Amino acid sequence: MTQGEATVVKNAGSRYELSALPAWTPFPAVLRGRIRLKAGRITNPVAVGDRVRYEIPDGEDTAVITEILPRQNYVIRRSANLSREAHIIAANVDRAWLVVSLYFPEIKLPFLDRILVTCGVYGIPATIVLAKTDLYRDIAREQVDAFHAIYEGAGYQVLETSVVTGEGIDALRAACDGKVNLFSGESGVGKSSLIKALDPSLDPKVGQISEVHLQGKHTTSLYEMYPLASGGFVIDSPGLRGFGLVDLEREEIGKYFPEMLKASAGCRFTPCTHTHEPGCAVKAAVDAGDISPERYASYLSMLEEDKKFR
Ligand SMILES: Nc1nc2c(ncn2[C@@H]2O[C@H](COP(=O)(O)OP(=O)(O)O)[C@@H](O)[C@H]2O)c(=O)[nH]1
Ligand SMILES: [Mg+2]
Ligand SMILES: [Zn+2]
């Protein structure tokens with residue numbers, strides 16, 4: 001029997017592939033039943049990025065995952081239906097690239113803000129990728145500028161890319177080197193295309209609307225890690241709708257809006273929900289135009305949603 005430690009690089013239903021990163025030699029694996037039972041409401045006990053221990057019985061070529069090593073971090077999503085099931089998207093991620101396009105498909109800022117909060121809660125550094133700029137930058141210059149102002153003002157980095165003109169691709173490739181990078185965002189924003197642009201030898205499926213399939217209970221969702229020839233690893237994920245499953249107290253949500261956290265030092269009351277309290281420095285910053293009304297609206301909608309789940 002052979003034993004070892006490796007990283008999960010592919011998760012397709014109950015089938016896995018492992019590789020002893022940074023070496024890239026993927027081999028098939030399955031889960032030992034005991035691990036499957038322990039997972040409870042989590043539909044996939046093991047996720048791409050997980051470090052695991054495995055055994056390969058003599059005479060076989062499929063490894064058996066026997067243990068999941070402690071996670072540095074992970075990102076989880078609620079199942080699309082309202083069941084209490086959850087799905088781990090990826091584990092041990094060094095950076096999340098949140099891919100958005102202002103148009104085609106049209107951006108939904110509250111959705112982006114929710115993902116940013118989730119990354120903050122899980123302690124995963126997040127960078128925004130404004131993709132497909134060839135399609136709209138010339139005709140929507142003001143909107144592009146406004147987007148930069150909102151998110152750079154909030155403290156995030158925004159990288160513009162286009163796989164058509166090649167803009168931003170070299171910078172993205174350099175930033176991915178030596179790290180495990182998660183590409184996430186709504187279906188159709190161009191995640192798989194970006195990965196292919198970073199390394200043309202890779203073949204992630206472009207133009208597949210995988211989000212739809214995720215709604216069905218019996219379909220297989222595919223999460224896959226790819227090695228970049230230039231260095232580093234990227235995880236492609238299907239379009240995300242229910243990204244994030246965070247149990248935050250009402251007073252805590254504002255801590256994950258960096259610009260509100262900063263302003264809240266001046267609030268008269270602690271904790272402050274930045275809604276009705278007198279002497280609230282966050283509301284004052286919104287009124288003064290220092291905090292964008294769009295971000296504040298996202299914050300309020302998260303507070304509202306929080307109430308619904310009580
Ligand atoms: N014009 C343009 N189209 C793009 C770009 N990136 C992706 N697309 C197209 O957008 C569609 C969705 O791309 P895909 O990579 O599958 O998105 P994903 O669902 O996020 O992985 C495909 O038809 C791509 O050809 C881009 O930078 N410019
Ligand atoms: Mg894709
Ligand atoms: Zn306040």
# chains A, B, ... in the order shown; residues from 1 in each chain; ligands from 1

$ residues_around --residues "stretch 31-33 of chain A" --least-positions-apart "3" --cutoff "12 Å" --atoms "only C-alpha atoms" --output "CSV table (one decimal) with N, CA and C atoms, in the first residue's frame"
chain,number,residue,atom,x,y,z
A,8,VAL,N,-6.4,18.3,-3.3
A,8,VAL,CA,-7.5,18.0,-4.2
A,8,VAL,C,-7.5,19.0,-5.4
A,11,ASN,N,-13.0,18.2,-8.3
A,11,ASN,CA,-14.1,17.7,-7.5
A,11,ASN,C,-15.3,17.6,-8.5
A,13,GLY,N,-18.6,15.7,-8.4
A,13,GLY,CA,-19.5,14.8,-7.7
A,13,GLY,C,-18.7,14.0,-6.7
A,14,SER,N,-18.7,12.6,-6.8
A,14,SER,CA,-18.0,11.8,-5.8
A,14,SER,C,-16.6,11.4,-6.3
A,15,ARG,N,-16.2,11.9,-7.5
A,15,ARG,CA,-14.9,11.6,-8.0
A,15,ARG,C,-14.0,12.8,-7.7
A,16,TYR,N,-12.8,12.4,-7.4
A,16,TYR,CA,-11.8,13.5,-7.1
A,16,TYR,C,-10.5,13.2,-7.9
A,17,GLU,N,-9.7,14.2,-8.0
A,17,GLU,CA,-8.3,14.0,-8.5
A,17,GLU,C,-7.4,14.7,-7.5
A,18,LEU,N,-6.3,14.1,-7.2
A,18,LEU,CA,-5.3,14.7,-6.3
A,18,LEU,C,-4.0,14.9,-7.0
A,28,PRO,N,-6.6,9.7,-9.8
A,28,PRO,CA,-8.0,9.6,-9.3
A,28,PRO,C,-8.0,9.2,-7.8
A,36,ARG,N,-17.5,10.8,4.5
A,36,ARG,CA,-18.7,11.2,3.8
A,36,ARG,C,-19.8,11.4,4.8
A,37,LEU,N,-19.9,10.5,5.8
A,37,LEU,CA,-21.0,10.5,6.8
A,37,LEU,C,-20.8,11.7,7.7
A,38,LYS,N,-19.6,12.0,8.1
A,38,LYS,CA,-19.3,13.1,9.0
A,38,LYS,C,-19.8,14.5,8.5
A,39,ALA,N,-19.9,14.6,7.2
A,39,ALA,CA,-20.0,15.9,6.6
A,39,ALA,C,-21.4,16.6,6.9
A,44,ASN,N,-20.4,18.4,-0.1
A,44,ASN,CA,-19.1,17.8,-0.5
A,44,ASN,C,-18.2,18.0,0.7
A,45,PRO,N,-17.9,16.9,1.4
A,45,PRO,CA,-17.0,17.0,2.5
A,45,PRO,C,-15.6,17.4,2.2
A,46,VAL,N,-15.2,17.2,0.9
A,46,VAL,CA,-13.8,17.5,0.5
A,46,VAL,C,-14.0,18.4,-0.7
A,47,ALA,N,-13.2,19.5,-0.7
A,47,ALA,CA,-13.3,20.5,-1.8
A,47,ALA,C,-11.9,20.7,-2.5
A,52,VAL,N,-5.1,16.6,1.8
A,52,VAL,CA,-5.6,15.4,2.3
A,52,VAL,C,-4.5,14.3,2.4
A,53,ARG,N,-4.8,13.3,3.3
A,53,ARG,CA,-4.0,12.1,3.3
A,53,ARG,C,-4.7,11.1,2.5
A,54,TYR,N,-3.9,10.2,1.8
A,54,TYR,CA,-4.5,9.2,1.0
A,54,TYR,C,-3.8,7.9,1.1
A,55,GLU,N,-4.4,6.8,0.7
A,55,GLU,CA,-3.8,5.5,0.6
A,55,GLU,C,-4.1,4.9,-0.8
A,56,ILE,N,-3.2,4.2,-1.4
A,56,ILE,CA,-3.5,3.5,-2.6
A,56,ILE,C,-3.3,2.0,-2.3
A,62,THR,N,-6.7,3.8,-8.0
A,62,THR,CA,-7.5,4.9,-7.4
A,62,THR,C,-7.1,5.0,-5.9
A,63,ALA,N,-6.8,6.2,-5.5
A,63,ALA,CA,-6.5,6.5,-4.2
A,63,ALA,C,-7.7,6.6,-3.3
A,64,VAL,N,-7.6,6.3,-2.0
A,64,VAL,CA,-8.7,6.5,-1.1
A,64,VAL,C,-8.3,7.6,-0.1
A,65,ILE,N,-9.1,8.7,-0.1
A,65,ILE,CA,-8.9,9.8,0.8
A,65,ILE,C,-9.2,9.4,2.2
A,66,THR,N,-8.3,9.4,3.1
A,66,THR,CA,-8.5,8.9,4.5
A,66,THR,C,-8.7,10.0,5.5
A,67,GLU,N,-8.2,11.2,5.2
A,67,GLU,CA,-8.2,12.3,6.2
A,67,GLU,C,-8.1,13.6,5.5
A,68,ILE,N,-8.8,14.6,6.0
A,68,ILE,CA,-8.7,15.9,5.5
A,68,ILE,C,-7.9,16.7,6.5

$ closest_atom_pairs --of "chain A" --to "ligand 3" --cutoff "12 Å" --atoms "only C-alpha atoms and all ligand atoms" --output "tab-separated table"
residue	atom	partner	partner_atom_place_in_ligand_line	distance
A:Glu251	CA	ligand 3	1 (Zn)	9.8
A:Glu252	CA	ligand 3	1 (Zn)	11.7
A:Ile253	CA	ligand 3	1 (Zn)	11.9
A:Gly254	CA	ligand 3	1 (Zn)	8.9
A:Lys255	CA	ligand 3	1 (Zn)	10.9
A:Glu259	CA	ligand 3	1 (Zn)	11.9
A:Met260	CA	ligand 3	1 (Zn)	8.3
A:Leu261	CA	ligand 3	1 (Zn)	9.2
A:Lys262	CA	ligand 3	1 (Zn)	10.6
A:Ala263	CA	ligand 3	1 (Zn)	8.0
A:Ser264	CA	ligand 3	1 (Zn)	5.4
A:Ala265	CA	ligand 3	1 (Zn)	8.4
A:Gly266	CA	ligand 3	1 (Zn)	7.7
A:Cys267	CA	ligand 3	1 (Zn)	4.7
A:Arg268	CA	ligand 3	1 (Zn)	7.2
A:Phe269	CA	ligand 3	1 (Zn)	7.0
A:Thr270	CA	ligand 3	1 (Zn)	7.9
A:Pro271	CA	ligand 3	1 (Zn)	7.8
A:Cys272	CA	ligand 3	1 (Zn)	4.5
A:Thr273	CA	ligand 3	1 (Zn)	5.7
A:His274	CA	ligand 3	1 (Zn)	3.6
A:Thr275	CA	ligand 3	1 (Zn)	7.0
A:His276	CA	ligand 3	1 (Zn)	8.4
A:Glu277	CA	ligand 3	1 (Zn)	6.6
A:Pro278	CA	ligand 3	1 (Zn)	8.1
A:Gly279	CA	ligand 3	1 (Zn)	7.2
A:Cys280	CA	ligand 3	1 (Zn)	3.8
A:Ala281	CA	ligand 3	1 (Zn)	5.3
A:Val282	CA	ligand 3	1 (Zn)	4.9
A:Lys283	CA	ligand 3	1 (Zn)	6.5
A:Ala284	CA	ligand 3	1 (Zn)	8.6
A:Ala285	CA	ligand 3	1 (Zn)	9.7
A:Val286	CA	ligand 3	1 (Zn)	10.7
A:Tyr296	CA	ligand 3	1 (Zn)	11.6

$ residues_near_ligand --ligand "ligand 1" --cutoff "10 Å" --atoms "only C-alpha atoms and all ligand atoms" --output "mmCIF file with C-alpha atoms, in the first residue's frame"
data_model
loop_
_atom_site.group_PDB
_atom_site.id
_atom_site.type_symbol
_atom_site.label_atom_id
_atom_site.label_comp_id
_atom_site.auth_asym_id
_atom_site.auth_seq_id
_atom_site.Cartn_x
_atom_site.Cartn_y
_atom_site.Cartn_z
ATOM 1 C CA VAL A 99 -14.772 38.709 -11.867
ATOM 2 C CA VAL A 100 -17.474 41.145 -12.965
ATOM 3 C CA SER A 101 -18.463 42.772 -16.229
ATOM 4 C CA PHE A 104 -23.073 41.382 -20.786
ATOM 5 C CA PRO A 105 -24.180 40.309 -18.205
ATOM 6 C CA LEU A 130 -13.499 44.263 -14.385
ATOM 7 C CA ALA A 131 -13.625 41.943 -17.393
ATOM 8 C CA LYS A 132 -14.699 42.254 -21.043
ATOM 9 C CA THR A 133 -13.776 45.950 -21.156
ATOM 10 C CA ASP A 134 -13.530 45.746 -24.961
ATOM 11 C CA LEU A 135 -17.320 45.462 -25.043
ATOM 12 C CA TYR A 136 -18.253 48.591 -23.121
ATOM 13 C CA GLU A 160 -9.465 45.877 -16.020
ATOM 14 C CA THR A 161 -9.126 42.964 -18.418
ATOM 15 C CA SER A 162 -10.162 41.888 -21.880
ATOM 16 C CA VAL A 163 -9.264 38.587 -23.463
ATOM 17 C CA VAL A 164 -9.958 40.244 -26.834
ATOM 18 C CA THR A 165 -7.443 43.101 -26.554
ATOM 19 C CA GLY A 166 -5.216 41.317 -24.031
ATOM 20 C CA GLU A 167 -5.483 44.195 -21.585
ATOM 21 C CA ILE A 169 -3.742 39.678 -18.783
ATOM 22 C CA PHE A 183 -11.818 32.803 -9.888
ATOM 23 C CA SER A 184 -15.367 33.464 -8.940
ATOM 24 C CA GLY A 185 -18.305 35.490 -10.134
ATOM 25 C CA GLU A 186 -21.575 35.161 -11.925
ATOM 26 C CA SER A 187 -21.933 32.790 -14.850
ATOM 27 C CA GLY A 188 -20.945 34.326 -18.192
ATOM 28 C CA VAL A 189 -18.663 37.080 -16.856
ATOM 29 C CA GLY A 190 -15.632 35.461 -18.449
ATOM 30 C CA LYS A 191 -13.873 33.451 -15.723
ATOM 31 C CA SER A 192 -13.008 30.474 -17.885
ATOM 32 C CA SER A 193 -11.942 32.741 -20.749
ATOM 33 C CA LEU A 194 -9.521 34.550 -18.438
ATOM 34 C CA ILE A 195 -7.958 31.283 -17.320
ATOM 35 C CA LYS A 196 -7.503 30.270 -20.936
ATOM 36 C CA ALA A 197 -5.946 33.652 -21.711
ATOM 37 C CA PRO A 204 -11.539 25.207 -19.195
ATOM 38 C CA LYS A 205 -14.995 25.081 -20.764
ATOM 39 C CA VAL A 206 -15.832 28.512 -22.148
ATOM 40 C CA GLY A 207 -19.413 29.605 -22.690
ATOM 41 C CA GLN A 208 -20.987 26.999 -20.467
ATOM 42 C CA ILE A 209 -23.821 28.178 -18.283
ATOM 43 C CA SER A 210 -23.080 25.901 -15.399
ATOM 44 C CA GLU A 211 -25.107 27.898 -12.896
ATOM 45 C CA ASP A 236 -12.338 27.727 -11.988
ATOM 46 C CA SER A 237 -15.771 27.532 -10.438
ATOM 47 C CA PRO A 238 -19.227 27.445 -11.937
ATOM 48 C CA GLY A 239 -21.253 30.644 -11.772
ATOM 49 C CA LEU A 240 -22.146 31.498 -8.257
#

$ select_by_dssp --residues "stretch 83-114 of chain A" --states "alpha helix (DSSP H)" --output "JSON, numbers by chain"
{"A": [109, 110, 111, 112, 113, 114]}

$ write_last_selection --atoms "N, CA and C atoms" --output "PDB file, in the first residue's frame"
ATOM      1  N   LEU A 109     -24.417  45.180  -8.274  1.00  0.00           N
ATOM      2  CA  LEU A 109     -23.495  45.597  -7.215  1.00  0.00           C
ATOM      3  C   LEU A 109     -23.755  44.923  -5.867  1.00  0.00           C
ATOM      4  N   PRO A 110     -25.021  44.761  -5.433  1.00  0.00           N
ATOM      5  CA  PRO A 110     -25.227  44.116  -4.137  1.00  0.00           C
ATOM      6  C   PRO A 110     -24.660  42.702  -4.094  1.00  0.00           C
ATOM      7  N   PHE A 111     -24.695  42.027  -5.236  1.00  0.00           N
ATOM      8  CA  PHE A 111     -24.134  40.680  -5.317  1.00  0.00           C
ATOM      9  C   PHE A 111     -22.624  40.727  -5.127  1.00  0.00           C
ATOM     10  N   LEU A 112     -21.970  41.665  -5.799  1.00  0.00           N
ATOM     11  CA  LEU A 112     -20.519  41.829  -5.638  1.00  0.00           C
ATOM     12  C   LEU A 112     -20.185  42.175  -4.185  1.00  0.00           C
ATOM     13  N   ASP A 113     -20.966  43.082  -3.602  1.00  0.00           N
ATOM     14  CA  ASP A 113     -20.684  43.498  -2.229  1.00  0.00           C
ATOM     15  C   ASP A 113     -20.813  42.332  -1.253  1.00  0.00           C
ATOM     16  N   ARG A 114     -21.779  41.482  -1.511  1.00  0.00           N
ATOM     17  CA  ARG A 114     -21.975  40.309  -0.654  1.00  0.00           C
ATOM     18  C   ARG A 114     -20.765  39.375  -0.743  1.00  0.00           C
TER      19      ARG A 114
END

$ atom_distance --atom1 "atom CA of A:Ile88" --atom2 "atom CA of A:Asp247"
15.4 Å

$ atom_distance --atom1 "atom CA of A:Asp138" --atom2 "atom CA of A:Cys176"
27.9 Å

$ residues_around --residues "A:Pro227" --least-positions-apart "4" --cutoff "12 Å" --atoms "only C-alpha atoms" --output "PDB file with C-alpha atoms, in the first residue's frame"
ATOM      1  CA  VAL A   9      -7.349  19.466  -7.719  1.00  0.00           C
ATOM      2  CA  LYS A  10     -10.690  18.299  -9.086  1.00  0.00           C
ATOM      3  CA  SER A  19      -1.837  16.062  -6.976  1.00  0.00           C
ATOM      4  CA  LEU A  21       1.451  20.312  -5.325  1.00  0.00           C
ATOM      5  CA  PRO A  22       3.478  22.060  -6.524  1.00  0.00           C
ATOM      6  CA  ALA A  23       4.066  18.947  -8.677  1.00  0.00           C
ATOM      7  CA  TRP A  24       1.345  18.433 -11.263  1.00  0.00           C
ATOM      8  CA  THR A  25       0.635  14.708 -11.597  1.00  0.00           C
ATOM      9  CA  PRO A  26      -3.134  14.316 -11.028  1.00  0.00           C
ATOM     10  CA  ARG A 173      -0.712  36.330 -14.740  1.00  0.00           C
ATOM     11  CA  CYS A 176      -1.253  34.651  -9.825  1.00  0.00           C
ATOM     12  CA  ASP A 177       2.310  33.341  -9.675  1.00  0.00           C
ATOM     13  CA  GLY A 178       3.111  31.201  -6.667  1.00  0.00           C
ATOM     14  CA  LYS A 179      -0.442  31.270  -5.293  1.00  0.00           C
ATOM     15  CA  VAL A 180      -3.685  29.332  -5.307  1.00  0.00           C
ATOM     16  CA  ASN A 181      -6.160  31.683  -6.964  1.00  0.00           C
ATOM     17  CA  ILE A 195      -7.958  31.283 -17.320  1.00  0.00           C
ATOM     18  CA  LYS A 196      -7.503  30.270 -20.936  1.00  0.00           C
ATOM     19  CA  LEU A 198      -3.517  33.230 -18.801  1.00  0.00           C
ATOM     20  CA  ASP A 199      -2.375  29.907 -20.225  1.00  0.00           C
ATOM     21  CA  PRO A 200      -3.598  28.936 -23.710  1.00  0.00           C
ATOM     22  CA  SER A 201      -2.574  25.304 -23.151  1.00  0.00           C
ATOM     23  CA  LEU A 202      -5.397  24.972 -20.607  1.00  0.00           C
ATOM     24  CA  ASP A 203      -8.897  24.029 -21.640  1.00  0.00           C
ATOM     25  CA  PRO A 204     -11.539  25.207 -19.195  1.00  0.00           C
ATOM     26  CA  GLY A 231       3.488  29.587 -12.104  1.00  0.00           C
ATOM     27  CA  GLY A 232       0.677  29.383  -9.610  1.00  0.00           C
ATOM     28  CA  PHE A 233      -2.671  27.636  -9.711  1.00  0.00           C
ATOM     29  CA  VAL A 234      -6.162  28.779 -10.600  1.00  0.00           C
ATOM     30  CA  ILE A 235      -9.485  27.323  -9.536  1.00  0.00           C
ATOM     31  CA  ASP A 236     -12.338  27.727 -11.988  1.00  0.00           C
TER      32      ASP A 236
END

$ closest_residue --among "A:Ala12, A:Ile291, A:Ile42, A:Leu222" --to "ligand 2" --atoms "only C-alpha atoms and all ligand atoms"
A:Leu222

$ closest_residue --among "A:Leu300, A:Glu224, A:His148, A:Ala29" --to "ligand 2" --atoms "only C-alpha atoms and all ligand atoms"
A:Glu224

$ select_by_dssp --residues "stretch 19-247 of chain A" --states "strand (DSSP E)" --output "NGL selection string"
:A and (19 or 27-31 or 51-56 or 63-68 or 74-78 or 86-91 or 95-100 or 126-130 or 158-160 or 180-184 or 222-227 or 233-236)

$ write_last_selection --atoms "C-alpha atoms" --output "PDB file, in the first residue's frame"
ATOM      1  CA  SER A  19      -1.837  16.062  -6.976  1.00  0.00           C
ATOM      2  CA  PHE A  27      -4.437  10.875 -10.105  1.00  0.00           C
ATOM      3  CA  PRO A  28      -7.964   9.645  -9.304  1.00  0.00           C
ATOM      4  CA  ALA A  29      -9.314   9.303  -5.781  1.00  0.00           C
ATOM      5  CA  VAL A  30     -12.488   8.485  -3.890  1.00  0.00           C
ATOM      6  CA  LEU A  31     -13.557   9.189  -0.336  1.00  0.00           C
ATOM      7  CA  ARG A  51      -4.945  19.019   1.622  1.00  0.00           C
ATOM      8  CA  VAL A  52      -5.635  15.368   2.304  1.00  0.00           C
ATOM      9  CA  ARG A  53      -3.984  12.133   3.339  1.00  0.00           C
ATOM     10  CA  TYR A  54      -4.542   9.194   1.030  1.00  0.00           C
ATOM     11  CA  GLU A  55      -3.783   5.497   0.573  1.00  0.00           C
ATOM     12  CA  ILE A  56      -3.491   3.509  -2.624  1.00  0.00           C
ATOM     13  CA  ALA A  63      -6.473   6.452  -4.153  1.00  0.00           C
ATOM     14  CA  VAL A  64      -8.698   6.493  -1.083  1.00  0.00           C
ATOM     15  CA  ILE A  65      -8.855   9.792   0.803  1.00  0.00           C
ATOM     16  CA  THR A  66      -8.534   8.898   4.475  1.00  0.00           C
ATOM     17  CA  GLU A  67      -8.204  12.264   6.188  1.00  0.00           C
ATOM     18  CA  ILE A  68      -8.736  15.947   5.488  1.00  0.00           C
ATOM     19  CA  TYR A  74     -12.564  27.922   2.746  1.00  0.00           C
ATOM     20  CA  VAL A  75     -15.487  29.436   0.885  1.00  0.00           C
ATOM     21  CA  ILE A  76     -18.922  27.961   1.148  1.00  0.00           C
ATOM     22  CA  ARG A  77     -22.187  28.518  -0.699  1.00  0.00           C
ATOM     23  CA  ARG A  78     -25.755  27.761   0.178  1.00  0.00           C
ATOM     24  CA  ALA A  86     -24.235  23.959   1.772  1.00  0.00           C
ATOM     25  CA  HIS A  87     -21.419  23.343  -0.628  1.00  0.00           C
ATOM     26  CA  ILE A  88     -17.735  24.108  -0.153  1.00  0.00           C
ATOM     27  CA  ILE A  89     -16.468  25.890  -3.236  1.00  0.00           C
ATOM     28  CA  ALA A  90     -12.770  25.791  -2.458  1.00  0.00           C
ATOM     29  CA  ALA A  91     -10.338  25.534   0.430  1.00  0.00           C
ATOM     30  CA  ARG A  95      -6.528  35.082  -3.302  1.00  0.00           C
ATOM     31  CA  ALA A  96     -10.016  35.420  -4.751  1.00  0.00           C
ATOM     32  CA  TRP A  97     -10.430  37.206  -8.070  1.00  0.00           C
ATOM     33  CA  LEU A  98     -13.990  38.455  -8.202  1.00  0.00           C
ATOM     34  CA  VAL A  99     -14.772  38.709 -11.867  1.00  0.00           C
ATOM     35  CA  VAL A 100     -17.474  41.145 -12.965  1.00  0.00           C
ATOM     36  CA  ALA A 126     -10.039  39.740  -2.803  1.00  0.00           C
ATOM     37  CA  THR A 127      -9.318  41.685  -5.970  1.00  0.00           C
ATOM     38  CA  ILE A 128     -11.998  42.818  -8.390  1.00  0.00           C
ATOM     39  CA  VAL A 129     -11.526  42.030 -12.068  1.00  0.00           C
ATOM     40  CA  LEU A 130     -13.499  44.263 -14.385  1.00  0.00           C
ATOM     41  CA  VAL A 158      -9.813  46.925  -9.562  1.00  0.00           C
ATOM     42  CA  LEU A 159      -8.047  45.341 -12.531  1.00  0.00           C
ATOM     43  CA  GLU A 160      -9.465  45.877 -16.020  1.00  0.00           C
ATOM     44  CA  VAL A 180      -3.685  29.332  -5.307  1.00  0.00           C
ATOM     45  CA  ASN A 181      -6.160  31.683  -6.964  1.00  0.00           C
ATOM     46  CA  LEU A 182      -9.926  31.294  -6.953  1.00  0.00           C
ATOM     47  CA  PHE A 183     -11.818  32.803  -9.888  1.00  0.00           C
ATOM     48  CA  SER A 184     -15.367  33.464  -8.940  1.00  0.00           C
ATOM     49  CA  LEU A 222     -17.459  20.686 -11.379  1.00  0.00           C
ATOM     50  CA  TYR A 223     -14.709  22.505  -9.556  1.00  0.00           C
ATOM     51  CA  GLU A 224     -11.278  22.268 -11.007  1.00  0.00           C
ATOM     52  CA  MET A 225      -7.802  23.576 -10.341  1.00  0.00           C
ATOM     53  CA  TYR A 226      -5.409  24.284 -13.210  1.00  0.00           C
ATOM     54  CA  PRO A 227      -1.637  24.803 -13.147  1.00  0.00           C
ATOM     55  CA  PHE A 233      -2.671  27.636  -9.711  1.00  0.00           C
ATOM     56  CA  VAL A 234      -6.162  28.779 -10.600  1.00  0.00           C
ATOM     57  CA  ILE A 235      -9.485  27.323  -9.536  1.00  0.00           C
ATOM     58  CA  ASP A 236     -12.338  27.727 -11.988  1.00  0.00           C
TER      59      ASP A 236
END

$ atom_distance --atom1 "atom CA of A:Gly49" --atom2 "atom CA of A:Leu69"
10.8 Å

$ decode --residues "stretch 97-115 of chain A" --atoms "N, CA and C atoms" --output "mmCIF file, in the first residue's frame"
data_model
loop_
_atom_site.group_PDB
_atom_site.id
_atom_site.type_symbol
_atom_site.label_atom_id
_atom_site.label_comp_id
_atom_site.auth_asym_id
_atom_site.auth_seq_id
_atom_site.Cartn_x
_atom_site.Cartn_y
_atom_site.Cartn_z
ATOM 1 N N TRP A 97 -10.258 36.219 -7.008
ATOM 2 C CA TRP A 97 -10.430 37.206 -8.070
ATOM 3 C C TRP A 97 -11.917 37.247 -8.356
ATOM 4 N N LEU A 98 -12.540 38.346 -8.025
ATOM 5 C CA LEU A 98 -13.990 38.455 -8.202
ATOM 6 C C LEU A 98 -14.240 39.094 -9.552
ATOM 7 N N VAL A 99 -14.658 38.260 -10.476
ATOM 8 C CA VAL A 99 -14.772 38.709 -11.867
ATOM 9 C C VAL A 99 -16.172 39.271 -12.097
ATOM 10 N N VAL A 100 -16.193 40.505 -12.622
ATOM 11 C CA VAL A 100 -17.474 41.145 -12.965
ATOM 12 C C VAL A 100 -17.319 41.790 -14.332
ATOM 13 N N SER A 101 -18.449 42.039 -14.966
ATOM 14 C CA SER A 101 -18.463 42.772 -16.229
ATOM 15 C C SER A 101 -19.565 43.811 -16.049
ATOM 16 N N LEU A 102 -19.311 45.062 -16.440
ATOM 17 C CA LEU A 102 -20.377 46.063 -16.209
ATOM 18 C C LEU A 102 -21.619 45.720 -17.018
ATOM 19 N N TYR A 103 -21.399 45.167 -18.217
ATOM 20 C CA TYR A 103 -22.511 44.751 -19.090
ATOM 21 C C TYR A 103 -22.192 43.380 -19.662
ATOM 22 N N PHE A 104 -23.230 42.693 -20.116
ATOM 23 C CA PHE A 104 -23.073 41.382 -20.786
ATOM 24 C C PHE A 104 -22.377 40.365 -19.909
ATOM 25 N N PRO A 105 -22.905 39.913 -18.817
ATOM 26 C CA PRO A 105 -24.180 40.309 -18.205
ATOM 27 C C PRO A 105 -24.041 41.575 -17.356
ATOM 28 N N GLU A 106 -25.139 42.277 -17.197
ATOM 29 C CA GLU A 106 -25.132 43.519 -16.434
ATOM 30 C C GLU A 106 -24.784 43.246 -14.966
ATOM 31 N N ILE A 107 -23.950 44.101 -14.442
ATOM 32 C CA ILE A 107 -23.457 43.874 -13.076
ATOM 33 C C ILE A 107 -24.543 44.123 -12.031
ATOM 34 N N LYS A 108 -24.469 43.353 -10.947
ATOM 35 C CA LYS A 108 -25.359 43.567 -9.808
ATOM 36 C C LYS A 108 -24.471 43.901 -8.615
ATOM 37 N N LEU A 109 -24.417 45.180 -8.274
ATOM 38 C CA LEU A 109 -23.495 45.597 -7.215
ATOM 39 C C LEU A 109 -23.755 44.923 -5.867
ATOM 40 N N PRO A 110 -25.021 44.761 -5.433
ATOM 41 C CA PRO A 110 -25.227 44.116 -4.137
ATOM 42 C C PRO A 110 -24.660 42.702 -4.094
ATOM 43 N N PHE A 111 -24.695 42.027 -5.236
ATOM 44 C CA PHE A 111 -24.134 40.680 -5.317
ATOM 45 C C PHE A 111 -22.624 40.727 -5.127
ATOM 46 N N LEU A 112 -21.970 41.665 -5.799
ATOM 47 C CA LEU A 112 -20.519 41.829 -5.638
ATOM 48 C C LEU A 112 -20.185 42.175 -4.185
ATOM 49 N N ASP A 113 -20.966 43.082 -3.602
ATOM 50 C CA ASP A 113 -20.684 43.498 -2.229
ATOM 51 C C ASP A 113 -20.813 42.332 -1.253
ATOM 52 N N ARG A 114 -21.779 41.482 -1.511
ATOM 53 C CA ARG A 114 -21.975 40.309 -0.654
ATOM 54 C C ARG A 114 -20.765 39.375 -0.743
ATOM 55 N N ILE A 115 -20.252 39.180 -1.966
ATOM 56 C CA ILE A 115 -19.082 38.307 -2.127
ATOM 57 C C ILE A 115 -17.873 38.926 -1.427
#
